[in-house]
Amino acid sequence: MIKITLLKIIFITTTLFSQSTMVDVQGTHTLTQTSGMSIYETIDLCLRTAIKNGLVDLVFNENEINPEKTSDILQMIDQSVEMCVIDPQIINQIVDGNNFTITAKGKVDKMILYAILGLDK
């Protein structure tokens with residue numbers, strides 16, 4: 001019984017103190033607000049695209065991706081932004097007339113991202 005309790009304690013401790021695969025991603029995007037588009041829609045779309053740009057930078061800087069897979073990877077990143085990114089935040093926002101430039105950051109678990117993209121890492 002003591003051995004089982006000791007194994008449970010070791011397992012819990014190992015799980016709690018294991019190295020996290022969470023990393024920060026940061027990206028920037030500029031968007032021109034069109035007529036019929038509310039300010040909230042513009043900011044939301046610009047924030048989402050800035051985070052997506054950060055994910056693209058992360059994936060393409062850490063992996064050698066052949067040109068045939070590039071469009072598939074970009075499409076999967078676009079579809080999985082909400083599933084992968086935790087705690088998205090606007091770091092900097094510049095509004096110049098109808099042009100919005102947003103720099104945003106968020107946290108992403110690389111293991112989950114690479115599993116969604118089908119990349120070995």
# chains A, B, ... in the order shown; residues from 1 in each chain; ligands from 1
$ residues_around --residues "A:Phe60" --least-positions-apart "2" --cutoff "12 Å" --atoms "only C-alpha atoms" --output "list in words"
Asn53, Gly54, Leu55, Val56, Asp57, Leu58, Glu62, Asn63, Glu64, Ile65, Asn66, Pro67, Lys69, Thr70, Ile73, Leu74, Ile77, Tyr114, Leu117 and Leu119 of chain A
$ write_last_selection --atoms "all heavy atoms" --output "short mmCIF file (atom, residue, chain, number, x, y, z; two decimals), in the first residue's frame"
data_model
loop_
_atom_site.label_atom_id
_atom_site.label_comp_id
_atom_site.auth_asym_id
_atom_site.auth_seq_id
_atom_site.Cartn_x
_atom_site.Cartn_y
_atom_site.Cartn_z
N ASN A 53 -0.90 35.60 -37.63
CA ASN A 53 0.42 35.92 -38.17
C ASN A 53 1.52 35.46 -37.22
O ASN A 53 2.56 34.98 -37.66
CB ASN A 53 0.54 37.42 -38.45
CG ASN A 53 -0.33 37.86 -39.61
OD1 ASN A 53 -0.78 37.06 -40.41
ND2 ASN A 53 -0.59 39.16 -39.68
N GLY A 54 1.30 35.60 -35.92
CA GLY A 54 2.26 35.10 -34.94
C GLY A 54 2.40 33.59 -34.99
O GLY A 54 3.51 33.05 -34.89
N LEU A 55 1.27 32.89 -35.17
CA LEU A 55 1.33 31.42 -35.29
C LEU A 55 2.06 31.00 -36.55
O LEU A 55 2.85 30.05 -36.54
CB LEU A 55 -0.09 30.84 -35.30
CG LEU A 55 -0.85 30.83 -34.00
CD1 LEU A 55 -2.29 30.34 -34.22
CD2 LEU A 55 -0.16 29.96 -32.97
N VAL A 56 1.80 31.70 -37.65
CA VAL A 56 2.48 31.39 -38.91
C VAL A 56 3.98 31.57 -38.75
O VAL A 56 4.78 30.72 -39.17
CB VAL A 56 1.92 32.26 -40.06
CG1 VAL A 56 2.80 32.17 -41.30
CG2 VAL A 56 0.50 31.85 -40.39
N ASP A 57 4.39 32.67 -38.12
CA ASP A 57 5.82 32.90 -37.89
C ASP A 57 6.42 31.78 -37.05
O ASP A 57 7.51 31.29 -37.36
CB ASP A 57 6.05 34.24 -37.20
CG ASP A 57 5.76 35.43 -38.10
OD1 ASP A 57 5.69 35.24 -39.33
OD2 ASP A 57 5.58 36.54 -37.56
N LEU A 58 5.74 31.37 -35.99
CA LEU A 58 6.23 30.31 -35.12
C LEU A 58 6.41 29.01 -35.89
O LEU A 58 7.47 28.38 -35.84
CB LEU A 58 5.26 30.09 -33.95
CG LEU A 58 5.57 28.90 -33.04
CD1 LEU A 58 6.76 29.20 -32.16
CD2 LEU A 58 4.35 28.54 -32.21
N GLU A 62 10.22 27.38 -37.11
CA GLU A 62 10.70 26.19 -36.42
C GLU A 62 10.65 24.92 -37.28
O GLU A 62 11.15 23.89 -36.86
CB GLU A 62 9.88 25.95 -35.15
CG GLU A 62 10.14 26.99 -34.08
CD GLU A 62 9.51 26.61 -32.76
OE1 GLU A 62 8.82 25.58 -32.68
OE2 GLU A 62 9.74 27.35 -31.79
N ASN A 63 10.04 24.98 -38.44
CA ASN A 63 9.87 23.78 -39.27
C ASN A 63 10.26 24.08 -40.70
O ASN A 63 10.05 25.18 -41.20
CB ASN A 63 8.41 23.33 -39.24
CG ASN A 63 7.94 22.97 -37.87
OD1 ASN A 63 8.25 21.90 -37.37
ND2 ASN A 63 7.20 23.86 -37.23
N GLU A 64 10.79 23.06 -41.35
CA GLU A 64 11.01 23.15 -42.78
C GLU A 64 9.79 22.56 -43.45
O GLU A 64 9.55 21.36 -43.37
CB GLU A 64 12.26 22.37 -43.19
CG GLU A 64 13.55 23.01 -42.75
CD GLU A 64 14.76 22.28 -43.30
OE1 GLU A 64 14.67 21.70 -44.40
OE2 GLU A 64 15.78 22.29 -42.61
N ILE A 65 9.02 23.42 -44.09
CA ILE A 65 7.76 22.99 -44.70
C ILE A 65 7.91 23.10 -46.20
O ILE A 65 8.27 24.16 -46.73
CB ILE A 65 6.59 23.84 -44.19
CG1 ILE A 65 6.46 23.64 -42.67
CG2 ILE A 65 5.30 23.47 -44.89
CD1 ILE A 65 5.47 24.53 -42.00
N ASN A 66 7.61 21.99 -46.89
CA ASN A 66 7.73 22.01 -48.34
C ASN A 66 6.61 22.85 -48.95
O ASN A 66 5.54 22.99 -48.38
CB ASN A 66 7.78 20.59 -48.91
CG ASN A 66 6.56 19.77 -48.57
OD1 ASN A 66 5.59 20.28 -48.06
ND2 ASN A 66 6.63 18.48 -48.84
N PRO A 67 6.86 23.43 -50.10
CA PRO A 67 5.88 24.35 -50.71
C PRO A 67 4.51 23.73 -50.97
O PRO A 67 3.51 24.43 -50.96
CB PRO A 67 6.56 24.74 -52.03
CG PRO A 67 8.00 24.54 -51.80
CD PRO A 67 8.11 23.39 -50.85
N LYS A 69 2.86 21.75 -49.02
CA LYS A 69 2.08 21.73 -47.79
C LYS A 69 1.77 23.13 -47.25
O LYS A 69 0.96 23.27 -46.34
CB LYS A 69 2.82 20.94 -46.70
CG LYS A 69 2.82 19.44 -46.91
CD LYS A 69 3.49 18.75 -45.76
CE LYS A 69 2.57 18.71 -44.55
NZ LYS A 69 3.12 17.94 -43.43
N THR A 70 2.39 24.15 -47.82
CA THR A 70 2.26 25.51 -47.28
C THR A 70 0.81 25.97 -47.25
O THR A 70 0.34 26.46 -46.22
CB THR A 70 3.11 26.50 -48.09
OG1 THR A 70 4.48 26.10 -48.01
CG2 THR A 70 2.98 27.91 -47.56
N ILE A 73 -1.18 24.11 -44.58
CA ILE A 73 -0.81 24.53 -43.22
C ILE A 73 -1.43 25.89 -42.91
O ILE A 73 -1.98 26.09 -41.83
CB ILE A 73 0.73 24.60 -43.08
CG1 ILE A 73 1.33 23.23 -43.30
CG2 ILE A 73 1.14 25.24 -41.78
CD1 ILE A 73 1.74 22.47 -42.11
N LEU A 74 -1.36 26.82 -43.85
CA LEU A 74 -1.95 28.14 -43.63
C LEU A 74 -3.46 28.06 -43.40
O LEU A 74 -4.01 28.74 -42.54
CB LEU A 74 -1.64 29.07 -44.81
CG LEU A 74 -0.19 29.49 -44.97
CD1 LEU A 74 0.01 30.28 -46.25
CD2 LEU A 74 0.28 30.29 -43.76
N ILE A 77 -4.04 26.61 -39.90
CA ILE A 77 -3.77 27.62 -38.87
C ILE A 77 -4.93 28.59 -38.78
O ILE A 77 -5.38 28.95 -37.69
CB ILE A 77 -2.44 28.36 -39.16
CG1 ILE A 77 -1.25 27.45 -38.88
CG2 ILE A 77 -2.33 29.63 -38.32
CD1 ILE A 77 0.09 28.03 -39.25
N TYR A 114 1.03 21.56 -33.17
CA TYR A 114 1.68 20.65 -34.13
C TYR A 114 0.85 19.40 -34.37
O TYR A 114 0.87 18.85 -35.47
CB TYR A 114 3.08 20.30 -33.67
CG TYR A 114 4.06 21.46 -33.75
CD1 TYR A 114 5.17 21.54 -32.94
CD2 TYR A 114 3.87 22.49 -34.67
CE1 TYR A 114 6.06 22.60 -33.02
CE2 TYR A 114 4.74 23.54 -34.76
CZ TYR A 114 5.84 23.60 -33.94
OH TYR A 114 6.71 24.64 -34.03
N LEU A 117 -1.76 20.43 -36.86
CA LEU A 117 -1.16 20.64 -38.18
C LEU A 117 -0.55 19.39 -38.77
O LEU A 117 -0.18 19.37 -39.94
CB LEU A 117 -0.11 21.74 -38.11
CG LEU A 117 -0.60 23.12 -37.65
CD1 LEU A 117 0.57 24.08 -37.57
CD2 LEU A 117 -1.68 23.66 -38.56
N LEU A 119 2.32 18.03 -37.83
CA LEU A 119 3.76 18.18 -37.90
C LEU A 119 4.43 17.41 -36.77
O LEU A 119 3.91 17.36 -35.67
CB LEU A 119 4.17 19.66 -37.80
CG LEU A 119 3.64 20.58 -38.90
CD1 LEU A 119 3.95 22.03 -38.58
CD2 LEU A 119 4.26 20.19 -40.24
#
$ residues_around --residues "A:Glu82" --least-positions-apart "6" --cutoff "12 Å" --atoms "only C-alpha atoms" --output "list in words"
Leu47, Arg48, Thr49, Ile51, Lys52, Leu55, Met76, Pro88, Gly106, Lys107, Val108 and Leu113 of chain A
$ select_by_dssp --residues "stretch 16-110 of chain A" --states "strand (DSSP E or B)" --output "number ranges by chain"
A: 22-32, 85-96, 99-109
$ select_by_dssp --residues "stretch 13-99 of chain A" --states "alpha helix (DSSP H)" --output "ChimeraX atom specification"
/A:13-17,39-62,67-84
$ residues_around --residues "A:Leu45" --least-positions-apart "5" --cutoff "9 Å" --atoms "only C-alpha atoms" --output "ChimeraX atom specification"
/A:31,40,50
